Amino acid sequence: MTTSRPAPSGRPATGLLLGLTLALLALLVLNLALFDDLRTDATAGVLETFTKPQHLSSLLAVLLAGGLVAFGHRSAARVATLVAWTEIAAFTFFHGIPVELGPAKPYWGDGMGDALQWFGFLAILACSAAVLVVARRTTQEVLIPAT
């Protein structure tokens, strides 16, 4: 008979996943407040910036993923993976593609981003990638024979 147990590791991956999810939330807020929107647009207000559909949905999705991880829900790692991929795709579309399409504000070409904007962009991509790696590690299980 075999039983399924999480793969042994030196540090609980769930705690690391929670930390990375909260770090992603912090980076999203910092991106809106310090790196991009509120800093570069003098006409932007705090309330209207944080309640734009793309911003609000990102913040709420990361909050949901963090809540599921914090409470140890069985789908937490899957939701965190979905949210991380969504953030990677959204930030790449809105800022990484050098062509202005719809609501996209590319950091290349005519709308050249400054160092803080690029830092926020790259930090969010890196944190999302780290969430993917850790979430994958938490969902992998090893079959260990029962003794």
# chains A, B, ... in the order shown; residues from 1 in each chain; ligands from 1
>>> residues_around(residues="Ala129 in chain A", least_positions_apart="4", cutoff="9 Å", atoms="only C-alpha atoms", output="PDB file with N, CA and C atoms, in the first residue's frame")
ATOM      1  N   ALA A  84      -0.477  34.118 -10.966  1.00  0.00           N
ATOM      2  CA  ALA A  84       0.872  34.491 -11.391  1.00  0.00           C
ATOM      3  C   ALA A  84       0.974  34.535 -12.920  1.00  0.00           C
ATOM      4  N   TRP A  85       0.413  33.526 -13.602  1.00  0.00           N
ATOM      5  CA  TRP A  85       0.432  33.539 -15.069  1.00  0.00           C
ATOM      6  C   TRP A  85      -0.365  34.709 -15.618  1.00  0.00           C
ATOM      7  N   ILE A  88       1.762  37.850 -15.272  1.00  0.00           N
ATOM      8  CA  ILE A  88       2.821  37.848 -16.284  1.00  0.00           C
ATOM      9  C   ILE A  88       2.253  38.248 -17.642  1.00  0.00           C
ATOM     10  N   ILE A 124       7.705  42.651 -10.707  1.00  0.00           N
ATOM     11  CA  ILE A 124       6.437  41.918 -10.730  1.00  0.00           C
ATOM     12  C   ILE A 124       6.579  40.640 -11.549  1.00  0.00           C
ATOM     13  N   LEU A 125       7.267  40.707 -12.670  1.00  0.00           N
ATOM     14  CA  LEU A 125       7.490  39.495 -13.460  1.00  0.00           C
ATOM     15  C   LEU A 125       8.318  38.475 -12.687  1.00  0.00           C
ATOM     16  N   VAL A 133       7.235  28.823  -9.471  1.00  0.00           N
ATOM     17  CA  VAL A 133       8.181  27.779  -9.059  1.00  0.00           C
ATOM     18  C   VAL A 133       7.763  27.178  -7.722  1.00  0.00           C
ATOM     19  N   VAL A 134       7.438  28.016  -6.756  1.00  0.00           N
ATOM     20  CA  VAL A 134       7.090  27.525  -5.417  1.00  0.00           C
ATOM     21  C   VAL A 134       5.727  26.828  -5.435  1.00  0.00           C
TER      22      VAL A 134
END
>>> select_by_dssp(residues="chain A", states="strand (DSSP E or B)", output="list in words")
Thr2, Thr3, Ser4, Arg5, Pro6, Glu141, Val142, Leu143, Ile144 and Pro145 of chain A
>>> residues_around(residues="Ala61 in chain A", least_positions_apart="3", cutoff="12 Å", atoms="only C-alpha atoms", output="ChimeraX atom specification")
/A:21-22,24-25,28,53-58,64-68,76,79-87
>>> select_by_dssp(residues="range 6-144 of chain A", states="helix (DSSP H, G or I)", output="ChimeraX atom specification")
/A:13-35,37-40,46-50,53-70,76-96,109-111,115-139
>>> write_last_selection(atoms="C-alpha atoms", output="short mmCIF file (atom, residue, chain, number, x, y, z; two decimals), in the first residue's frame")
data_model
loop_
_atom_site.label_atom_id
_atom_site.label_comp_id
_atom_site.auth_asym_id
_atom_site.auth_seq_id
_atom_site.Cartn_x
_atom_site.Cartn_y
_atom_site.Cartn_z
CA ALA A 13 6.81 25.66 0.76
CA THR A 14 3.40 26.90 1.87
CA GLY A 15 4.95 29.64 4.02
CA LEU A 16 7.20 30.63 1.15
CA LEU A 17 4.24 30.68 -1.24
CA LEU A 18 2.32 32.91 1.16
CA GLY A 19 5.30 35.25 1.45
CA LEU A 20 5.71 35.47 -2.32
CA THR A 21 1.99 36.05 -2.83
CA LEU A 22 2.03 38.89 -0.30
CA ALA A 23 5.19 40.27 -1.94
CA LEU A 24 3.37 40.24 -5.30
CA LEU A 25 0.48 42.15 -3.72
CA ALA A 26 2.91 44.70 -2.26
CA LEU A 27 4.64 45.11 -5.64
CA LEU A 28 1.32 45.69 -7.38
CA VAL A 29 0.40 48.41 -4.88
CA LEU A 30 3.87 49.95 -5.12
CA ASN A 31 3.66 49.87 -8.89
CA LEU A 32 0.43 51.85 -8.82
CA ALA A 33 1.50 54.27 -6.10
CA LEU A 34 5.25 54.81 -6.59
CA PHE A 35 6.61 53.24 -9.75
CA ASP A 37 0.50 55.44 -12.42
CA LEU A 38 0.27 57.94 -9.55
CA ARG A 39 3.86 59.14 -9.97
CA THR A 40 3.80 59.70 -13.72
CA VAL A 46 -5.75 57.47 -5.84
CA LEU A 47 -9.32 56.17 -5.88
CA GLU A 48 -9.71 56.19 -9.66
CA THR A 49 -6.30 54.54 -10.12
CA PHE A 50 -6.93 51.69 -7.70
CA PRO A 53 -10.90 47.36 -13.71
CA GLN A 54 -7.48 45.98 -14.64
CA HIS A 55 -5.89 47.22 -11.41
CA LEU A 56 -8.73 46.20 -9.11
CA SER A 57 -9.02 42.73 -10.64
CA SER A 58 -5.28 42.13 -10.24
CA LEU A 59 -5.31 43.26 -6.61
CA LEU A 60 -8.38 41.18 -5.76
CA ALA A 61 -7.02 38.09 -7.54
CA VAL A 62 -3.76 38.25 -5.59
CA LEU A 63 -5.70 38.83 -2.34
CA LEU A 64 -7.84 35.77 -3.10
CA ALA A 65 -4.77 33.64 -3.83
CA GLY A 66 -3.08 34.87 -0.65
CA GLY A 67 -6.17 34.13 1.41
CA LEU A 68 -6.42 30.61 0.04
CA VAL A 69 -2.75 29.98 0.77
CA ALA A 70 -3.04 31.45 4.27
CA ALA A 76 -4.40 27.44 -3.14
CA ALA A 77 -1.32 26.51 -5.17
CA ARG A 78 -3.39 26.14 -8.36
CA VAL A 79 -5.06 29.52 -7.85
CA ALA A 80 -1.68 31.13 -7.08
CA THR A 81 -0.32 29.63 -10.31
CA LEU A 82 -3.25 30.97 -12.33
CA VAL A 83 -2.89 34.43 -10.78
CA ALA A 84 0.87 34.49 -11.39
CA TRP A 85 0.43 33.54 -15.07
CA THR A 86 -2.29 36.16 -15.40
CA GLU A 87 -0.01 38.86 -13.96
CA ILE A 88 2.82 37.85 -16.28
CA ALA A 89 0.51 37.95 -19.31
CA ALA A 90 -1.17 41.22 -18.29
CA PHE A 91 2.04 43.11 -17.51
CA THR A 92 3.68 41.83 -20.67
CA PHE A 93 0.68 42.95 -22.74
CA PHE A 94 0.24 46.34 -21.05
CA HIS A 95 3.92 47.32 -20.74
CA GLY A 96 6.24 44.80 -22.40
CA GLY A 109 9.42 53.62 -28.08
CA ASP A 110 7.48 56.90 -27.80
CA GLY A 111 6.13 56.08 -24.34
CA ALA A 115 14.03 53.27 -14.46
CA LEU A 116 11.36 53.04 -11.74
CA GLN A 117 8.73 51.87 -14.21
CA TRP A 118 11.06 49.20 -15.57
CA PHE A 119 12.02 48.17 -12.03
CA GLY A 120 8.34 47.68 -11.10
CA PHE A 121 7.67 45.76 -14.31
CA LEU A 122 10.64 43.43 -13.88
CA ALA A 123 10.05 42.97 -10.13
CA ILE A 124 6.44 41.92 -10.73
CA LEU A 125 7.49 39.50 -13.46
CA ALA A 126 10.22 38.02 -11.25
CA CYS A 127 7.93 37.67 -8.24
CA SER A 128 5.24 36.05 -10.39
CA ALA A 129 7.83 33.60 -11.76
CA ALA A 130 8.92 32.77 -8.21
CA VAL A 131 5.28 32.11 -7.26
CA LEU A 132 5.08 29.68 -10.20
CA VAL A 133 8.18 27.78 -9.06
CA VAL A 134 7.09 27.53 -5.42
CA ALA A 135 3.46 26.72 -6.27
CA ARG A 136 4.65 23.88 -8.47
CA ARG A 137 6.80 22.57 -5.64
CA THR A 138 3.84 22.59 -3.24
CA THR A 139 1.63 20.63 -5.63
#
>>> closest_residue(among="A:Gly72, A:Lys52, A:Ala44, A:Asp36", to="Lys105 in chain A", atoms="only C-alpha atoms")
A:Asp36
>>> atom_distance(atom1="CA of Met112 in chain A", atom2="CA of Pro98 in chain A")
9.3 Å
>>> decode(residues="chain A", atoms="C-alpha atoms", output="CSV table (one decimal), in the first residue's frame")
chain,number,residue,atom,x,y,z
A,1,MET,CA,0.0,0.0,0.0
A,2,THR,CA,1.3,3.5,-0.8
A,3,THR,CA,0.3,6.8,0.8
A,4,SER,CA,0.8,10.2,-0.6
A,5,ARG,CA,2.8,12.7,1.3
A,6,PRO,CA,4.3,16.1,0.4
A,7,ALA,CA,7.9,15.9,-0.8
A,8,PRO,CA,10.2,16.6,2.1
A,9,SER,CA,12.0,20.0,2.1
A,10,GLY,CA,14.0,22.0,4.4
A,11,ARG,CA,11.5,24.8,4.6
A,12,PRO,CA,7.7,24.6,4.3
A,13,ALA,CA,6.8,25.7,0.8
A,14,THR,CA,3.4,26.9,1.9
A,15,GLY,CA,5.0,29.6,4.0
A,16,LEU,CA,7.2,30.6,1.1
A,17,LEU,CA,4.2,30.7,-1.2
A,18,LEU,CA,2.3,32.9,1.2
A,19,GLY,CA,5.3,35.3,1.4
A,20,LEU,CA,5.7,35.5,-2.3
A,21,THR,CA,2.0,36.0,-2.8
A,22,LEU,CA,2.0,38.9,-0.3
A,23,ALA,CA,5.2,40.3,-1.9
A,24,LEU,CA,3.4,40.2,-5.3
A,25,LEU,CA,0.5,42.2,-3.7
A,26,ALA,CA,2.9,44.7,-2.3
A,27,LEU,CA,4.6,45.1,-5.6
A,28,LEU,CA,1.3,45.7,-7.4
A,29,VAL,CA,0.4,48.4,-4.9
A,30,LEU,CA,3.9,50.0,-5.1
A,31,ASN,CA,3.7,49.9,-8.9
A,32,LEU,CA,0.4,51.9,-8.8
A,33,ALA,CA,1.5,54.3,-6.1
A,34,LEU,CA,5.2,54.8,-6.6
A,35,PHE,CA,6.6,53.2,-9.8
A,36,ASP,CA,4.1,54.1,-12.4
A,37,ASP,CA,0.5,55.4,-12.4
A,38,LEU,CA,0.3,57.9,-9.5
A,39,ARG,CA,3.9,59.1,-10.0
A,40,THR,CA,3.8,59.7,-13.7
A,41,ASP,CA,0.2,61.0,-14.2
A,42,ALA,CA,-0.5,64.3,-12.5
A,43,THR,CA,-4.2,64.0,-13.2
A,44,ALA,CA,-4.6,60.5,-11.7
A,45,GLY,CA,-6.3,60.2,-8.4
A,46,VAL,CA,-5.7,57.5,-5.8
A,47,LEU,CA,-9.3,56.2,-5.9
A,48,GLU,CA,-9.7,56.2,-9.7
A,49,THR,CA,-6.3,54.5,-10.1
A,50,PHE,CA,-6.9,51.7,-7.7
A,51,THR,CA,-10.5,51.1,-9.0
A,52,LYS,CA,-9.6,50.8,-12.7
A,53,PRO,CA,-10.9,47.4,-13.7
A,54,GLN,CA,-7.5,46.0,-14.6
A,55,HIS,CA,-5.9,47.2,-11.4
A,56,LEU,CA,-8.7,46.2,-9.1
A,57,SER,CA,-9.0,42.7,-10.6
A,58,SER,CA,-5.3,42.1,-10.2
A,59,LEU,CA,-5.3,43.3,-6.6
A,60,LEU,CA,-8.4,41.2,-5.8
A,61,ALA,CA,-7.0,38.1,-7.5
A,62,VAL,CA,-3.8,38.2,-5.6
A,63,LEU,CA,-5.7,38.8,-2.3
A,64,LEU,CA,-7.8,35.8,-3.1
A,65,ALA,CA,-4.8,33.6,-3.8
A,66,GLY,CA,-3.1,34.9,-0.6
A,67,GLY,CA,-6.2,34.1,1.4
A,68,LEU,CA,-6.4,30.6,0.0
A,69,VAL,CA,-2.7,30.0,0.8
A,70,ALA,CA,-3.0,31.4,4.3
A,71,PHE,CA,-6.0,29.2,5.1
A,72,GLY,CA,-4.4,26.1,3.6
A,73,HIS,CA,-7.1,25.5,1.0
A,74,ARG,CA,-6.4,22.5,-1.2
A,75,SER,CA,-6.6,24.6,-4.4
A,76,ALA,CA,-4.4,27.4,-3.1
A,77,ALA,CA,-1.3,26.5,-5.2
A,78,ARG,CA,-3.4,26.1,-8.4
A,79,VAL,CA,-5.1,29.5,-7.9
A,80,ALA,CA,-1.7,31.1,-7.1
A,81,THR,CA,-0.3,29.6,-10.3
A,82,LEU,CA,-3.3,31.0,-12.3
A,83,VAL,CA,-2.9,34.4,-10.8
A,84,ALA,CA,0.9,34.5,-11.4
A,85,TRP,CA,0.4,33.5,-15.1
A,86,THR,CA,-2.3,36.2,-15.4
A,87,GLU,CA,0.0,38.9,-14.0
A,88,ILE,CA,2.8,37.8,-16.3
A,89,ALA,CA,0.5,38.0,-19.3
A,90,ALA,CA,-1.2,41.2,-18.3
A,91,PHE,CA,2.0,43.1,-17.5
A,92,THR,CA,3.7,41.8,-20.7
A,93,PHE,CA,0.7,43.0,-22.7
A,94,PHE,CA,0.2,46.3,-21.0
A,95,HIS,CA,3.9,47.3,-20.7
A,96,GLY,CA,6.2,44.8,-22.4
A,97,ILE,CA,5.0,44.8,-26.0
A,98,PRO,CA,6.5,47.8,-27.9
A,99,VAL,CA,3.3,48.6,-29.7
A,100,GLU,CA,0.4,50.6,-28.2
A,101,LEU,CA,-2.7,48.4,-28.5
A,102,GLY,CA,-5.9,49.6,-26.8
A,103,PRO,CA,-5.3,50.5,-23.2
A,104,ALA,CA,-1.6,49.3,-23.3
A,105,LYS,CA,1.1,51.8,-22.1
A,106,PRO,CA,4.3,50.3,-23.5
A,107,TYR,CA,7.6,51.2,-21.8
A,108,TRP,CA,9.4,51.2,-25.2
A,109,GLY,CA,9.4,53.6,-28.1
A,110,ASP,CA,7.5,56.9,-27.8
A,111,GLY,CA,6.1,56.1,-24.3
A,112,MET,CA,9.6,55.2,-23.0
A,113,GLY,CA,9.4,54.1,-19.4
A,114,ASP,CA,11.9,55.4,-16.8
A,115,ALA,CA,14.0,53.3,-14.5
A,116,LEU,CA,11.4,53.0,-11.7
A,117,GLN,CA,8.7,51.9,-14.2
A,118,TRP,CA,11.1,49.2,-15.6
A,119,PHE,CA,12.0,48.2,-12.0
A,120,GLY,CA,8.3,47.7,-11.1
A,121,PHE,CA,7.7,45.8,-14.3
A,122,LEU,CA,10.6,43.4,-13.9
A,123,ALA,CA,10.1,43.0,-10.1
A,124,ILE,CA,6.4,41.9,-10.7
A,125,LEU,CA,7.5,39.5,-13.5
A,126,ALA,CA,10.2,38.0,-11.2
A,127,CYS,CA,7.9,37.7,-8.2
A,128,SER,CA,5.2,36.0,-10.4
A,129,ALA,CA,7.8,33.6,-11.8
A,130,ALA,CA,8.9,32.8,-8.2
A,131,VAL,CA,5.3,32.1,-7.3
A,132,LEU,CA,5.1,29.7,-10.2
A,133,VAL,CA,8.2,27.8,-9.1
A,134,VAL,CA,7.1,27.5,-5.4
A,135,ALA,CA,3.5,26.7,-6.3
A,136,ARG,CA,4.7,23.9,-8.5
A,137,ARG,CA,6.8,22.6,-5.6
A,138,THR,CA,3.8,22.6,-3.2
A,139,THR,CA,1.6,20.6,-5.6
A,140,GLN,CA,4.2,17.9,-6.4
A,141,GLU,CA,3.7,14.9,-4.2
A,142,VAL,CA,5.9,11.8,-3.8
A,143,LEU,CA,4.4,8.3,-3.4
A,144,ILE,CA,6.1,6.8,-0.4
A,145,PRO,CA,5.4,3.2,0.6
A,146,ALA,CA,3.6,2.8,3.9
A,147,THR,CA,5.5,0.8,6.5
